[in-house]
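Okay, final_14.txt is below, compact mmCIF, N, CA and C atoms:
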# COMPACT_ATOMS: atom_id res chain seq x y z
N MET A 24 -24.43 -70.02 -181.17
CA MET A 24 -23.12 -69.55 -181.52
C MET A 24 -22.18 -70.75 -181.65
N GLU A 25 -21.35 -70.75 -182.64
CA GLU A 25 -20.41 -71.85 -182.87
C GLU A 25 -19.09 -71.56 -182.16
N PHE A 26 -18.43 -72.63 -181.71
CA PHE A 26 -17.15 -72.52 -181.04
C PHE A 26 -16.16 -73.46 -181.69
N ALA A 27 -14.90 -73.11 -181.59
CA ALA A 27 -13.87 -73.96 -182.18
C ALA A 27 -13.80 -75.28 -181.41
N TYR A 28 -13.79 -76.36 -182.15
CA TYR A 28 -13.60 -77.69 -181.57
C TYR A 28 -12.74 -78.44 -182.57
N ASN A 29 -11.48 -78.62 -182.25
CA ASN A 29 -10.53 -79.28 -183.13
C ASN A 29 -10.35 -80.71 -182.64
N ALA A 30 -10.98 -81.66 -183.31
CA ALA A 30 -10.99 -83.05 -182.87
C ALA A 30 -9.64 -83.74 -183.16
N LYS A 31 -8.62 -83.31 -182.44
CA LYS A 31 -7.28 -83.92 -182.57
C LYS A 31 -7.26 -85.30 -181.94
N ILE A 32 -8.06 -85.47 -180.89
CA ILE A 32 -8.12 -86.73 -180.16
C ILE A 32 -9.55 -87.26 -180.30
N GLN A 33 -9.66 -88.52 -180.67
CA GLN A 33 -10.99 -89.11 -180.86
C GLN A 33 -11.72 -89.27 -179.53
N THR A 34 -12.98 -88.84 -179.51
CA THR A 34 -13.84 -88.99 -178.33
C THR A 34 -15.22 -89.44 -178.80
N ARG A 35 -16.06 -89.78 -177.85
CA ARG A 35 -17.46 -90.01 -178.19
C ARG A 35 -18.02 -88.69 -178.72
N PRO A 36 -19.08 -88.71 -179.52
CA PRO A 36 -19.57 -87.49 -180.18
C PRO A 36 -19.94 -86.35 -179.22
N VAL A 37 -19.62 -85.14 -179.66
CA VAL A 37 -19.99 -83.92 -178.93
C VAL A 37 -21.35 -83.47 -179.45
N LYS A 38 -22.28 -83.21 -178.53
CA LYS A 38 -23.62 -82.76 -178.91
C LYS A 38 -23.64 -81.25 -179.13
N ARG A 39 -23.20 -80.52 -178.10
CA ARG A 39 -23.18 -79.04 -178.17
C ARG A 39 -22.10 -78.51 -177.26
N ILE A 40 -21.69 -77.27 -177.53
CA ILE A 40 -20.74 -76.56 -176.68
C ILE A 40 -21.42 -75.27 -176.24
N TYR A 41 -21.38 -75.00 -174.94
CA TYR A 41 -22.07 -73.84 -174.38
C TYR A 41 -21.07 -72.85 -173.80
N LYS A 42 -21.38 -71.56 -173.95
CA LYS A 42 -20.64 -70.48 -173.30
C LYS A 42 -21.67 -69.58 -172.62
N SER A 43 -21.32 -69.10 -171.43
CA SER A 43 -22.23 -68.25 -170.69
C SER A 43 -22.29 -66.85 -171.30
N THR A 44 -23.45 -66.22 -171.19
CA THR A 44 -23.58 -64.82 -171.60
C THR A 44 -23.30 -63.89 -170.42
N ASP A 45 -23.12 -64.46 -169.24
CA ASP A 45 -22.80 -63.69 -168.04
C ASP A 45 -21.29 -63.42 -168.02
N PRO A 46 -20.86 -62.16 -168.01
CA PRO A 46 -19.42 -61.84 -168.03
C PRO A 46 -18.64 -62.48 -166.88
N ALA A 47 -19.30 -62.77 -165.77
CA ALA A 47 -18.61 -63.39 -164.63
C ALA A 47 -18.13 -64.79 -164.98
N TYR A 48 -18.75 -65.42 -165.98
CA TYR A 48 -18.38 -66.78 -166.39
C TYR A 48 -17.90 -66.82 -167.83
N ALA A 49 -17.33 -65.74 -168.31
CA ALA A 49 -16.91 -65.62 -169.71
C ALA A 49 -15.88 -66.67 -170.12
N LYS A 50 -15.09 -67.15 -169.18
CA LYS A 50 -14.05 -68.13 -169.51
C LYS A 50 -14.51 -69.57 -169.36
N LEU A 51 -15.75 -69.79 -168.97
CA LEU A 51 -16.29 -71.12 -168.76
C LEU A 51 -16.85 -71.69 -170.06
N THR A 52 -16.41 -72.90 -170.41
CA THR A 52 -16.95 -73.61 -171.56
C THR A 52 -17.52 -74.93 -171.06
N ILE A 53 -18.71 -75.26 -171.48
CA ILE A 53 -19.34 -76.53 -171.11
C ILE A 53 -19.54 -77.35 -172.37
N ILE A 54 -19.06 -78.58 -172.34
CA ILE A 54 -19.17 -79.48 -173.48
C ILE A 54 -20.19 -80.56 -173.13
N ASP A 55 -21.25 -80.63 -173.91
CA ASP A 55 -22.26 -81.67 -173.75
C ASP A 55 -21.93 -82.74 -174.78
N LYS A 56 -21.62 -83.96 -174.29
CA LYS A 56 -21.21 -85.01 -175.21
C LYS A 56 -21.81 -86.34 -174.82
N VAL A 57 -21.76 -87.27 -175.72
CA VAL A 57 -22.20 -88.63 -175.44
C VAL A 57 -21.26 -89.20 -174.38
N ASN A 58 -21.83 -89.90 -173.40
CA ASN A 58 -21.04 -90.45 -172.31
C ASN A 58 -20.00 -91.44 -172.85
N GLY A 59 -18.73 -91.14 -172.58
CA GLY A 59 -17.65 -92.01 -173.02
C GLY A 59 -17.27 -93.03 -171.98
N LYS A 60 -17.98 -93.03 -170.86
CA LYS A 60 -17.77 -93.99 -169.76
C LYS A 60 -16.38 -93.91 -169.13
N SER A 61 -15.69 -92.78 -169.31
CA SER A 61 -14.40 -92.61 -168.64
C SER A 61 -14.10 -91.11 -168.52
N LYS A 62 -13.35 -90.80 -167.48
CA LYS A 62 -12.90 -89.41 -167.32
C LYS A 62 -11.98 -89.03 -168.48
N ALA A 63 -11.20 -89.99 -168.97
CA ALA A 63 -10.26 -89.72 -170.06
C ALA A 63 -10.99 -89.20 -171.30
N ASP A 64 -12.14 -89.76 -171.62
CA ASP A 64 -12.89 -89.31 -172.79
C ASP A 64 -13.34 -87.86 -172.62
N ALA A 65 -13.78 -87.52 -171.42
CA ALA A 65 -14.20 -86.14 -171.13
C ALA A 65 -13.00 -85.19 -171.19
N VAL A 66 -11.87 -85.62 -170.63
CA VAL A 66 -10.66 -84.79 -170.67
C VAL A 66 -10.21 -84.58 -172.11
N ASN A 67 -10.26 -85.62 -172.92
CA ASN A 67 -9.87 -85.49 -174.32
C ASN A 67 -10.76 -84.50 -175.06
N ALA A 68 -12.06 -84.48 -174.75
CA ALA A 68 -12.96 -83.51 -175.36
C ALA A 68 -12.57 -82.09 -174.92
N GLY A 69 -12.18 -81.95 -173.65
CA GLY A 69 -11.71 -80.64 -173.17
C GLY A 69 -10.46 -80.19 -173.89
N ILE A 70 -9.53 -81.11 -174.11
CA ILE A 70 -8.31 -80.78 -174.86
C ILE A 70 -8.67 -80.33 -176.28
N ASN A 71 -9.60 -81.04 -176.91
CA ASN A 71 -10.03 -80.67 -178.26
C ASN A 71 -10.66 -79.28 -178.32
N ALA A 72 -11.31 -78.86 -177.25
CA ALA A 72 -11.97 -77.55 -177.22
C ALA A 72 -11.05 -76.45 -176.71
N ALA A 73 -9.88 -76.80 -176.19
CA ALA A 73 -8.97 -75.80 -175.62
C ALA A 73 -8.49 -74.81 -176.68
N ALA A 74 -8.45 -73.55 -176.30
CA ALA A 74 -8.02 -72.50 -177.21
C ALA A 74 -6.53 -72.20 -177.09
N TYR A 75 -5.88 -72.77 -176.09
CA TYR A 75 -4.46 -72.47 -175.85
C TYR A 75 -3.64 -73.75 -175.87
N ASP A 76 -2.33 -73.59 -175.82
CA ASP A 76 -1.41 -74.72 -175.92
C ASP A 76 -1.37 -75.59 -174.67
N TYR A 77 -1.81 -75.07 -173.53
CA TYR A 77 -1.70 -75.81 -172.27
C TYR A 77 -3.09 -76.06 -171.71
N PHE A 78 -3.24 -77.22 -171.07
CA PHE A 78 -4.54 -77.66 -170.58
C PHE A 78 -4.36 -78.16 -169.15
N VAL A 79 -5.20 -77.70 -168.23
CA VAL A 79 -5.15 -78.15 -166.84
C VAL A 79 -6.39 -78.99 -166.57
N CYS A 80 -6.16 -80.17 -166.03
CA CYS A 80 -7.26 -81.06 -165.67
C CYS A 80 -7.27 -81.21 -164.15
N THR A 81 -8.40 -80.94 -163.55
CA THR A 81 -8.55 -81.06 -162.10
C THR A 81 -9.94 -81.62 -161.82
N ASP A 82 -10.25 -81.83 -160.58
CA ASP A 82 -11.57 -82.31 -160.20
C ASP A 82 -12.32 -81.17 -159.51
N VAL A 83 -13.62 -81.29 -159.46
CA VAL A 83 -14.46 -80.25 -158.90
C VAL A 83 -14.17 -80.02 -157.41
N ASP A 84 -13.70 -81.04 -156.71
CA ASP A 84 -13.46 -80.89 -155.28
C ASP A 84 -12.01 -80.52 -154.95
N CYS A 85 -11.20 -80.17 -155.95
CA CYS A 85 -9.81 -79.76 -155.70
C CYS A 85 -9.75 -78.30 -155.31
N ILE A 86 -8.91 -78.00 -154.35
CA ILE A 86 -8.65 -76.62 -153.96
C ILE A 86 -7.18 -76.36 -154.26
N LEU A 87 -6.92 -75.46 -155.19
CA LEU A 87 -5.56 -75.19 -155.62
C LEU A 87 -4.96 -74.05 -154.81
N HIS A 88 -3.68 -74.19 -154.47
CA HIS A 88 -2.94 -73.10 -153.84
C HIS A 88 -2.85 -71.98 -154.88
N GLU A 89 -2.71 -70.75 -154.44
CA GLU A 89 -2.72 -69.63 -155.37
C GLU A 89 -1.61 -69.68 -156.42
N ASN A 90 -0.51 -70.40 -156.16
CA ASN A 90 0.60 -70.48 -157.11
C ASN A 90 0.66 -71.82 -157.85
N THR A 91 -0.34 -72.65 -157.72
CA THR A 91 -0.29 -73.99 -158.30
C THR A 91 -0.06 -73.97 -159.80
N ILE A 92 -0.80 -73.17 -160.53
CA ILE A 92 -0.67 -73.15 -161.99
C ILE A 92 0.73 -72.68 -162.39
N ILE A 93 1.26 -71.69 -161.69
CA ILE A 93 2.61 -71.21 -161.98
C ILE A 93 3.63 -72.32 -161.75
N GLU A 94 3.49 -73.05 -160.65
CA GLU A 94 4.43 -74.14 -160.35
C GLU A 94 4.30 -75.28 -161.37
N LEU A 95 3.10 -75.55 -161.84
CA LEU A 95 2.91 -76.61 -162.82
C LEU A 95 3.53 -76.29 -164.18
N ILE A 96 3.54 -75.02 -164.56
CA ILE A 96 4.06 -74.65 -165.87
C ILE A 96 5.59 -74.43 -165.86
N LYS A 97 6.19 -74.27 -164.68
CA LYS A 97 7.63 -74.02 -164.61
C LYS A 97 8.49 -75.06 -165.33
N PRO A 98 8.26 -76.37 -165.14
CA PRO A 98 9.10 -77.34 -165.87
C PRO A 98 8.99 -77.19 -167.39
N VAL A 99 7.83 -76.82 -167.88
CA VAL A 99 7.63 -76.63 -169.31
C VAL A 99 8.44 -75.43 -169.79
N MET A 100 8.42 -74.36 -169.02
CA MET A 100 9.11 -73.13 -169.40
C MET A 100 10.63 -73.25 -169.26
N LYS A 101 11.10 -74.03 -168.29
CA LYS A 101 12.55 -74.13 -168.03
C LYS A 101 13.28 -75.05 -169.01
N GLU A 102 12.61 -76.07 -169.49
CA GLU A 102 13.26 -77.05 -170.38
C GLU A 102 13.31 -76.53 -171.81
N LYS A 103 14.51 -76.14 -172.24
CA LYS A 103 14.66 -75.62 -173.60
C LYS A 103 14.97 -76.72 -174.61
N ASN A 104 15.64 -77.78 -174.17
CA ASN A 104 16.09 -78.83 -175.08
C ASN A 104 15.27 -80.12 -174.99
N LYS A 105 14.28 -80.14 -174.11
CA LYS A 105 13.45 -81.33 -173.95
C LYS A 105 11.98 -80.92 -174.05
N ARG A 106 11.16 -81.85 -174.50
CA ARG A 106 9.73 -81.61 -174.59
C ARG A 106 9.06 -82.16 -173.34
N VAL A 107 8.44 -81.30 -172.55
CA VAL A 107 7.71 -81.71 -171.36
C VAL A 107 6.26 -81.90 -171.78
N ILE A 108 5.75 -83.12 -171.58
CA ILE A 108 4.38 -83.40 -172.03
C ILE A 108 3.37 -83.38 -170.91
N ALA A 109 3.83 -83.42 -169.65
CA ALA A 109 2.89 -83.41 -168.53
C ALA A 109 3.62 -83.03 -167.25
N THR A 110 2.91 -82.39 -166.36
CA THR A 110 3.40 -82.13 -165.01
C THR A 110 2.29 -82.53 -164.05
N GLY A 111 2.62 -82.68 -162.79
CA GLY A 111 1.61 -83.08 -161.82
C GLY A 111 1.93 -82.52 -160.45
N ALA A 112 1.05 -82.77 -159.53
CA ALA A 112 1.21 -82.26 -158.17
C ALA A 112 0.75 -83.32 -157.18
N THR A 113 1.19 -83.15 -155.95
CA THR A 113 0.77 -84.04 -154.88
C THR A 113 -0.61 -83.62 -154.41
N LEU A 114 -1.48 -84.59 -154.27
CA LEU A 114 -2.82 -84.31 -153.77
C LEU A 114 -2.91 -84.72 -152.31
N ARG A 115 -3.65 -83.96 -151.56
CA ARG A 115 -3.82 -84.22 -150.13
C ARG A 115 -5.30 -84.14 -149.81
N ALA A 116 -5.76 -85.00 -148.95
CA ALA A 116 -7.16 -84.95 -148.53
C ALA A 116 -7.42 -83.65 -147.78
N ALA A 117 -8.53 -83.03 -148.09
CA ALA A 117 -8.84 -81.72 -147.52
C ALA A 117 -9.71 -81.80 -146.28
N ASN A 118 -10.12 -82.99 -145.91
CA ASN A 118 -11.13 -83.17 -144.86
C ASN A 118 -10.79 -82.49 -143.54
N SER A 119 -9.56 -82.59 -143.07
CA SER A 119 -9.24 -82.10 -141.73
C SER A 119 -8.63 -80.70 -141.72
N ASN A 120 -8.46 -80.09 -142.87
CA ASN A 120 -7.85 -78.77 -142.93
C ASN A 120 -8.86 -77.67 -142.60
N THR A 121 -8.32 -76.49 -142.30
CA THR A 121 -9.16 -75.33 -142.02
C THR A 121 -9.04 -74.35 -143.18
N TYR A 122 -10.19 -73.78 -143.61
CA TYR A 122 -10.23 -72.89 -144.77
C TYR A 122 -10.85 -71.56 -144.40
N ASP A 123 -10.42 -70.52 -145.09
CA ASP A 123 -11.03 -69.20 -144.96
C ASP A 123 -11.22 -68.67 -146.37
N GLN A 124 -12.44 -68.54 -146.82
CA GLN A 124 -12.80 -68.07 -148.16
C GLN A 124 -12.08 -68.85 -149.25
N GLY A 125 -12.04 -70.18 -149.09
CA GLY A 125 -11.45 -71.04 -150.09
C GLY A 125 -9.94 -71.18 -150.03
N VAL A 126 -9.32 -70.56 -149.04
CA VAL A 126 -7.86 -70.62 -148.88
C VAL A 126 -7.54 -71.45 -147.64
N VAL A 127 -6.59 -72.40 -147.80
CA VAL A 127 -6.17 -73.23 -146.66
C VAL A 127 -5.41 -72.35 -145.68
N VAL A 128 -5.87 -72.31 -144.44
CA VAL A 128 -5.19 -71.52 -143.40
C VAL A 128 -4.51 -72.41 -142.37
N ASN A 129 -4.90 -73.69 -142.31
CA ASN A 129 -4.28 -74.61 -141.37
C ASN A 129 -4.35 -76.03 -141.94
N VAL A 130 -3.17 -76.64 -142.13
CA VAL A 130 -3.11 -78.00 -142.65
C VAL A 130 -2.88 -78.96 -141.49
N LYS A 131 -3.80 -79.90 -141.33
CA LYS A 131 -3.66 -80.91 -140.29
C LYS A 131 -3.24 -82.22 -140.94
N PRO A 132 -2.21 -82.87 -140.40
CA PRO A 132 -1.78 -84.14 -140.98
C PRO A 132 -2.90 -85.16 -140.91
N GLN A 133 -2.99 -85.95 -141.95
CA GLN A 133 -4.01 -86.99 -142.00
C GLN A 133 -3.55 -88.18 -141.16
N ALA A 134 -4.48 -88.79 -140.50
CA ALA A 134 -4.17 -89.99 -139.72
C ALA A 134 -3.79 -91.12 -140.68
N ALA A 135 -2.91 -91.98 -140.24
CA ALA A 135 -2.49 -93.11 -141.08
C ALA A 135 -3.68 -94.00 -141.36
N VAL A 136 -3.78 -94.44 -142.60
CA VAL A 136 -4.88 -95.30 -143.00
C VAL A 136 -4.29 -96.63 -143.43
N ALA A 137 -4.81 -97.71 -142.89
CA ALA A 137 -4.32 -99.04 -143.26
C ALA A 137 -4.74 -99.35 -144.69
N PRO A 138 -3.87 -99.97 -145.48
CA PRO A 138 -4.25 -100.32 -146.86
C PRO A 138 -5.38 -101.34 -146.87
N LEU A 139 -6.17 -101.30 -147.92
CA LEU A 139 -7.25 -102.26 -148.07
C LEU A 139 -6.66 -103.65 -148.32
N PRO A 140 -7.29 -104.67 -147.79
CA PRO A 140 -6.80 -106.03 -148.06
C PRO A 140 -6.78 -106.29 -149.57
N GLY A 141 -5.68 -106.85 -150.03
CA GLY A 141 -5.56 -107.17 -151.46
C GLY A 141 -5.10 -106.01 -152.30
N SER A 142 -4.89 -104.83 -151.70
CA SER A 142 -4.44 -103.70 -152.49
C SER A 142 -2.93 -103.71 -152.56
N GLY A 143 -2.40 -102.86 -153.38
CA GLY A 143 -0.96 -102.79 -153.56
C GLY A 143 -0.60 -103.20 -154.97
N VAL A 144 0.68 -103.23 -155.25
CA VAL A 144 1.14 -103.56 -156.60
C VAL A 144 1.52 -105.02 -156.66
N HIS A 145 0.96 -105.72 -157.59
CA HIS A 145 1.33 -107.11 -157.81
C HIS A 145 2.73 -107.13 -158.43
N PRO A 146 3.64 -108.00 -157.98
CA PRO A 146 5.02 -108.00 -158.50
C PRO A 146 5.10 -108.12 -160.01
N GLY A 147 4.15 -108.75 -160.66
CA GLY A 147 4.21 -108.91 -162.11
C GLY A 147 3.62 -107.75 -162.88
N ILE A 148 3.15 -106.72 -162.17
CA ILE A 148 2.48 -105.61 -162.85
C ILE A 148 3.25 -104.31 -162.71
N ARG A 149 4.45 -104.35 -162.27
CA ARG A 149 5.24 -103.12 -162.13
C ARG A 149 5.70 -102.63 -163.48
N SER A 150 5.82 -101.29 -163.61
CA SER A 150 6.32 -100.76 -164.88
C SER A 150 7.84 -100.80 -164.85
N GLY A 151 8.38 -100.81 -166.03
CA GLY A 151 9.71 -101.07 -166.20
C GLY A 151 10.87 -100.36 -166.02

Spit out the file's structure as C-alpha cells when you get a sec.
Amino acid sequence: MEFAYNAKIQTRPVKRIYKSTDPAYAKLTIIDKVNGKSKADAVNAGINAAAYDYFVCTDVDCILHENTIIELIKPVMKEKNKRVIATGATLRAANSNTYDQGVVVNVKPQAAVAPLPGSGVHPGIRSG
C-alpha cells in the first residue's frame, strides 16, 4: 500500500513506509530509510510523512504528562499576529520518580550533578 510522503525537506532516501494492519496501532507509521547519521534526518523524514500541520518529536524513553500536547500547542493557538514555529518543554530525568501504569505519581528531586570537566559554554560560542 502506498502512503503520502511529501519530500518538503531533503533527507537520505526512504526505502519503504509501513502501516500496521492491527487497529490498535492504526496511527503508527514506520519509515524505513537510509541512515542519515543524525536524529535530524530521521525527524525530517517524519515531518515529510506527517499528514497534519503539526509534528511532535520525542524520544522513546520520554513519559509525557497527560496535558503535554495541549500545553505545547497553546502558544501556536494563542498567537494571532505572529508565526510560532516551535515550542518546547522542560525535560527531567525519570530515574528516581515513582510511576503507576505509566503515570508519574511521585516526583523526587534529582541530586545535584557536578558538570563534566571542560563542559560549559565557551565565551566565544554564545549566540547573539

### Who sits within 8 Å of stretch 81-88 of chain A, all atoms listed in the file, same chain under 4 positions skipped, as a VMD selection string
chain A and resid 92 to 93 117 125 to 127

### Task
Write out as a list of chain:residue names the residues lying within 7 Å of stretch 64-73 of chain A, counting only N, CA and C atoms and excluding same-chain residues fewer than 6 positions away.
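Contacts, with the query itself left out: A:Ala27, A:Tyr28, A:Asn29, A:Ala30, A:Lys31, A:Ile32, A:Gln33, A:Thr34, A:Arg35.
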
### Query
Quick one: residues within 10 Å of A:Ile96, only C-alpha atoms counted, chain neighbours fewer than 2 positions away excluded, as a ChimeraX atom specification?
/A:77,79,91-94,98-101,107,109-111

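Separating atom C of A:Ser43 from atom C of A:Lys62 is a distance of 24.6 Å.
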
### Query
Out of chain A, which residues get strand (DSSP E) from DSSP, as a list in words?
Val37, Lys38, Arg39, Ile40, Tyr41, Lys42, Thr52, Ile53, Ile54, Asp55, Lys56, Thr121, Tyr122, Asp123, Val126, Val127, Val128 and Asn129 of chain A

### Query
Got a sec to tell me which of stretch 27-141 of chain A DSSP assigns to helix (DSSP H, G or I), as a list of chain:residue names?
A:Pro46, A:Ala47, A:Tyr48, A:Lys62, A:Ala63, A:Asp64, A:Ala65, A:Val66, A:Asn67, A:Ala68, A:Gly69, A:Ile70, A:Asn71, A:Ala72, A:Thr91, A:Ile92, A:Ile93, A:Glu94, A:Leu95, A:Ile96, A:Lys97, A:Pro98, A:Val99, A:Met100, A:Lys101

### Query
What does the distance between atom N of A:Pro132 and atom N of A:Ala112 come to in Å, to one decimal place?
19.4 Å

Quick one: residues within 12 Å of (-23.2, -72.0, -170.9) (file frame), counting only C-alpha atoms, please, as a JSON list (two decimals) with N, CA and C atoms, in the frame of the given file.
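Produced file selection_24.json, reproduced below:
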[["chain", "number", "residue", "atom", "x", "y", "z"],
["A", 24, "MET", "N", -24.43, -70.02, -181.17],
["A", 24, "MET", "CA", -23.12, -69.55, -181.52],
["A", 24, "MET", "C", -22.18, -70.75, -181.65],
["A", 26, "PHE", "N", -18.43, -72.63, -181.71],
["A", 26, "PHE", "CA", -17.15, -72.52, -181.04],
["A", 26, "PHE", "C", -16.16, -73.46, -181.69],
["A", 39, "ARG", "N", -23.20, -80.52, -178.10],
["A", 39, "ARG", "CA", -23.18, -79.04, -178.17],
["A", 39, "ARG", "C", -22.10, -78.51, -177.26],
["A", 40, "ILE", "N", -21.69, -77.27, -177.53],
["A", 40, "ILE", "CA", -20.74, -76.56, -176.68],
["A", 40, "ILE", "C", -21.42, -75.27, -176.24],
["A", 41, "TYR", "N", -21.38, -75.00, -174.94],
["A", 41, "TYR", "CA", -22.07, -73.84, -174.38],
["A", 41, "TYR", "C", -21.07, -72.85, -173.80],
["A", 42, "LYS", "N", -21.38, -71.56, -173.95],
["A", 42, "LYS", "CA", -20.64, -70.48, -173.30],
["A", 42, "LYS", "C", -21.67, -69.58, -172.62],
["A", 43, "SER", "N", -21.32, -69.10, -171.43],
["A", 43, "SER", "CA", -22.23, -68.25, -170.69],
["A", 43, "SER", "C", -22.29, -66.85, -171.30],
["A", 44, "THR", "N", -23.45, -66.22, -171.19],
["A", 44, "THR", "CA", -23.58, -64.82, -171.60],
["A", 44, "THR", "C", -23.30, -63.89, -170.42],
["A", 45, "ASP", "N", -23.12, -64.46, -169.24],
["A", 45, "ASP", "CA", -22.80, -63.69, -168.04],
["A", 45, "ASP", "C", -21.29, -63.42, -168.02],
["A", 46, "PRO", "N", -20.86, -62.16, -168.01],
["A", 46, "PRO", "CA", -19.42, -61.84, -168.03],
["A", 46, "PRO", "C", -18.64, -62.48, -166.88],
["A", 47, "ALA", "N", -19.30, -62.77, -165.77],
["A", 47, "ALA", "CA", -18.61, -63.39, -164.63],
["A", 47, "ALA", "C", -18.13, -64.79, -164.98],
["A", 48, "TYR", "N", -18.75, -65.42, -165.98],
["A", 48, "TYR", "CA", -18.38, -66.78, -166.39],
["A", 48, "TYR", "C", -17.90, -66.82, -167.83],
["A", 49, "ALA", "N", -17.33, -65.74, -168.31],
["A", 49, "ALA", "CA", -16.91, -65.62, -169.71],
["A", 49, "ALA", "C", -15.88, -66.67, -170.12],
["A", 50, "LYS", "N", -15.09, -67.15, -169.18],
["A", 50, "LYS", "CA", -14.05, -68.13, -169.51],
["A", 50, "LYS", "C", -14.51, -69.57, -169.36],
["A", 51, "LEU", "N", -15.75, -69.79, -168.97],
["A", 51, "LEU", "CA", -16.29, -71.12, -168.76],
["A", 51, "LEU", "C", -16.85, -71.69, -170.06],
["A", 52, "THR", "N", -16.41, -72.90, -170.41],
["A", 52, "THR", "CA", -16.95, -73.61, -171.56],
["A", 52, "THR", "C", -17.52, -74.93, -171.06],
["A", 53, "ILE", "N", -18.71, -75.26, -171.48],
["A", 53, "ILE", "CA", -19.34, -76.53, -171.11],
["A", 53, "ILE", "C", -19.54, -77.35, -172.37],
["A", 54, "ILE", "N", -19.06, -78.58, -172.34],
["A", 54, "ILE", "CA", -19.17, -79.48, -173.48],
["A", 54, "ILE", "C", -20.19, -80.56, -173.13],
["A", 55, "ASP", "N", -21.25, -80.63, -173.91],
["A", 55, "ASP", "CA", -22.26, -81.67, -173.75],
["A", 55, "ASP", "C", -21.93, -82.74, -174.78]]

### Message
Between atom CA of A:Arg106 and atom CA of A:Glu89, what distance in Å does the model show, to one decimal?
### Response
25.8 Å

Let me have the centre and edge lengths of the axis-aligned box enclosing all listed atoms of stretch 116-124 of chain A with 5 Å padding on every side, in Å to one decimal, as lines of an AutoDock Vina configuration file.
center_x = -9.3
center_y = -76.5
center_z = -145.5
size_x = 17.0
size_y = 26.9
size_z = 17.5

### Query
Which residue, A:Val130, A:Tyr75, A:Gln124, A:Pro36, has the smallest gap to A:Asn58 when you use only N, CA and C atoms?
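Smallest separation from A:Asn58 among the options: A:Pro36.
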
### Query
Which is closest to A:Val37 among A:Leu95, A:Asn90, A:Val57, A:Lys103, if we use only N, CA and C atoms?
A:Val57
